[in-house]
Amino acid sequence: MSTPPFSPAEARAARQRLGMTPAQVVAAMAQLGVDRPPEAVHAWEAGAVPPSEPELLALADALWCPVAVLMAVRPAALREHRLARGFTAERLALRIGMDPHAYARAEAEHRWPGTDRQTLLLADALGLPTEELLDVLDRDGELVGLLRQAVEGRWKAHVAQLAHLAQADERRVARALRALHREYTRFDERYMGHLVARNDDARLREIAADRAAWLRALPERFRSLTGAGPDPAAP
């Protein structure tokens, strides 16, 4: 799973408002079961590496700061709405009466299998009107479909529609789609190369599994390339 959205500047500002040192921050995080060295805080604030989900949630708690502030983005996908409310995937799943593995799969595959009751409970947990939540879920599904079409075919034809759907600059979207299309093409080249070479089925299954995992992470990869920060590097 990719790292969540994170603003080094907001994290540094939140720590400084409290007058805490990095050592004090990690001490508070350790009480929450997330044990990290002070150097980790320096790395996060410098933008050298972003925190993982557990680290982000513990950091927000240690800084007495809403997770949404540290994310510094307007939540779009279901995962981002969950994180903005400070939920782990497992805790949210249990709250709405869904098997945690089924919920994690729903986030990863961007397909919502929940019952009407689970959907209502999800809307309540995330603090969203039901109509807005349904829009989020529908938008996730539409995004996945368009991204699949773009990476598997003519990506240029999907730039404007994806830019509108993701509310992102078209130039960023074009650069992201170009990069993603090339990444996807490499999977096909690897697969066909091993097929022509008549390699064993285990190797072909490994490549297919790698491609499936890449496709599951495609929406998050796309958002990371089109989100805040420097433009994706043009090839």
# chains A, B, ... in the order shown; residues from 1 in each chain; ligands from 1
$ residues_around --residues "region 75-89 of chain A" --least-positions-apart "6" --cutoff "8 Å" --atoms "only C-alpha atoms" --output "PDB file with C-alpha atoms, in the first residue's frame"
ATOM      1  CA  PRO A   4      -0.874   8.481   2.649  1.00  0.00           C
ATOM      2  CA  GLU A  53      -0.526   4.990   7.910  1.00  0.00           C
ATOM      3  CA  PRO A  54       0.193   3.844  11.502  1.00  0.00           C
ATOM      4  CA  LEU A  57      -2.193   8.360  12.905  1.00  0.00           C
ATOM      5  CA  PRO A  66      -6.367  16.330  13.325  1.00  0.00           C
ATOM      6  CA  VAL A  67      -5.031  13.825  10.834  1.00  0.00           C
ATOM      7  CA  ALA A  68      -6.648  15.854   8.048  1.00  0.00           C
ATOM      8  CA  PRO A 100     -11.771  -6.273   8.091  1.00  0.00           C
ATOM      9  CA  TYR A 103     -13.132  -3.747   3.931  1.00  0.00           C
ATOM     10  CA  ALA A 104      -9.394  -3.645   3.138  1.00  0.00           C
ATOM     11  CA  GLU A 107     -10.341   0.099  -0.435  1.00  0.00           C
ATOM     12  CA  LEU A 126     -16.919   9.416   8.119  1.00  0.00           C
ATOM     13  CA  VAL A 136     -17.118   9.189  -3.437  1.00  0.00           C
ATOM     14  CA  LEU A 137     -17.650   5.470  -3.978  1.00  0.00           C
ATOM     15  CA  ASP A 140     -13.599   5.731  -7.176  1.00  0.00           C
TER      16      ASP A 140
END
$ residues_around --residues "Val49 (chain A)" --least-positions-apart "6" --cutoff "10 Å" --atoms "only C-alpha atoms" --output "VMD selection string"
chain A and resid 3 6 8 40 to 43
$ write_last_selection --atoms "all heavy atoms" --output "short mmCIF file (atom, residue, chain, number, x, y, z; two decimals), in the first residue's frame"
data_model
loop_
_atom_site.label_atom_id
_atom_site.label_comp_id
_atom_site.auth_asym_id
_atom_site.auth_seq_id
_atom_site.Cartn_x
_atom_site.Cartn_y
_atom_site.Cartn_z
N THR A 3 2.03 5.21 0.61
CA THR A 3 1.96 6.07 1.79
C THR A 3 0.84 7.09 1.63
O THR A 3 0.51 7.49 0.52
CB THR A 3 3.29 6.81 2.00
OG1 THR A 3 3.62 7.51 0.80
CG2 THR A 3 4.39 5.82 2.34
N PHE A 6 0.73 13.61 2.91
CA PHE A 6 1.38 14.15 4.12
C PHE A 6 2.03 15.48 3.79
O PHE A 6 2.65 15.64 2.74
CB PHE A 6 2.42 13.16 4.63
CG PHE A 6 3.18 13.65 5.84
CD1 PHE A 6 2.56 13.75 7.07
CD2 PHE A 6 4.51 14.03 5.73
CE1 PHE A 6 3.26 14.21 8.19
CE2 PHE A 6 5.22 14.48 6.83
CZ PHE A 6 4.58 14.57 8.06
N PRO A 8 4.89 17.89 5.19
CA PRO A 8 5.99 18.11 6.14
C PRO A 8 5.86 19.46 6.85
O PRO A 8 6.13 19.56 8.05
CB PRO A 8 7.23 18.07 5.26
CG PRO A 8 6.84 17.22 4.09
CD PRO A 8 5.40 17.57 3.84
N ALA A 40 13.31 9.89 12.71
CA ALA A 40 12.15 9.70 11.83
C ALA A 40 11.36 11.00 11.70
O ALA A 40 10.90 11.35 10.62
CB ALA A 40 11.25 8.59 12.38
N VAL A 41 11.21 11.73 12.81
CA VAL A 41 10.49 13.00 12.79
C VAL A 41 11.23 14.00 11.90
O VAL A 41 10.62 14.72 11.11
CB VAL A 41 10.30 13.56 14.21
CG1 VAL A 41 9.64 14.93 14.16
CG2 VAL A 41 9.48 12.60 15.06
N HIS A 42 12.55 14.03 12.03
CA HIS A 42 13.35 14.92 11.19
C HIS A 42 13.14 14.59 9.71
O HIS A 42 13.00 15.48 8.87
CB HIS A 42 14.84 14.79 11.55
CG HIS A 42 15.22 15.39 12.86
ND1 HIS A 42 15.12 16.76 13.10
CD2 HIS A 42 15.68 14.83 14.02
CE1 HIS A 42 15.53 17.01 14.34
NE2 HIS A 42 15.86 15.87 14.92
N ALA A 43 13.12 13.29 9.39
CA ALA A 43 12.96 12.86 8.00
C ALA A 43 11.59 13.23 7.46
O ALA A 43 11.45 13.69 6.33
CB ALA A 43 13.18 11.35 7.88
#
$ residues_around --residues "Glu152 (chain A)" --least-positions-apart "5" --cutoff "8 Å" --atoms "only C-alpha atoms" --output "list in words"
His181, Tyr184 and Thr185 of chain A
$ residues_around --residues "Ala62 (chain A)" --least-positions-apart "6" --cutoff "12 Å" --atoms "only C-alpha atoms" --output "ChimeraX atom specification"
/A:11,14-15,18,20-34,41,55-56,70
$ atom_distance --atom1 "CA of Arg182 (chain A)" --atom2 "CA of Val144 (chain A)"
17.4 Å
$ select_by_dssp --residues "region 61-201 of chain A" --states "alpha helix (DSSP H)" --output "ChimeraX atom specification"
/A:61-62,67-71,78-84,89-95,100-109,116-126,130-152,159-166,170-196,201
$ closest_atom_pairs --of "region 167-195 of chain A" --to "region 222-228 of chain A" --cutoff "7 Å" --atoms "only C-alpha atoms" --output "CSV"
residue,atom,partner,partner_atom,distance
A:Ala168,CA,A:Thr226,CA,6.5
A:Arg172,CA,A:Thr226,CA,5.4
A:Val173,CA,A:Thr226,CA,6.0
A:Ala176,CA,A:Leu225,CA,5.6
$ write_last_selection --atoms "N, CA and C atoms" --output "PDB file, in the first residue's frame"
ATOM      1  N   ALA A 168      -7.503  17.841 -11.150  1.00  0.00           N
ATOM      2  CA  ALA A 168      -6.056  18.037 -11.230  1.00  0.00           C
ATOM      3  C   ALA A 168      -5.701  18.752 -12.525  1.00  0.00           C
ATOM      4  N   ARG A 172      -0.224  17.849 -15.393  1.00  0.00           N
ATOM      5  CA  ARG A 172       0.189  16.822 -14.432  1.00  0.00           C
ATOM      6  C   ARG A 172      -0.413  15.467 -14.809  1.00  0.00           C
ATOM      7  N   VAL A 173      -1.690  15.485 -15.176  1.00  0.00           N
ATOM      8  CA  VAL A 173      -2.370  14.245 -15.530  1.00  0.00           C
ATOM      9  C   VAL A 173      -1.719  13.609 -16.755  1.00  0.00           C
ATOM     10  N   ALA A 176       1.526  12.076 -15.719  1.00  0.00           N
ATOM     11  CA  ALA A 176       1.287  10.883 -14.903  1.00  0.00           C
ATOM     12  C   ALA A 176       0.842   9.711 -15.772  1.00  0.00           C
TER      13      ALA A 176
END
$ atom_distance --atom1 "CA of Arg221 (chain A)" --atom2 "CA of Leu134 (chain A)"
22.5 Å
$ closest_residue --among "A:Val151, A:Gln167, A:Arg95, A:Leu128" --to "Val73 (chain A)" --atoms "only C-alpha atoms"
A:Gln167
$ closest_residue --among "A:Arg171, A:Arg117, A:Arg211, A:Arg74" --to "Arg186 (chain A)" --atoms "only C-alpha atoms"
A:Arg211
$ residues_around --residues "Leu162 (chain A)" --least-positions-apart "2" --cutoff "10 Å" --atoms "only C-alpha atoms" --output "PyMOL selection string"
chain A and resi 142-143+146-147+150+157-160+164-170+173-174+177
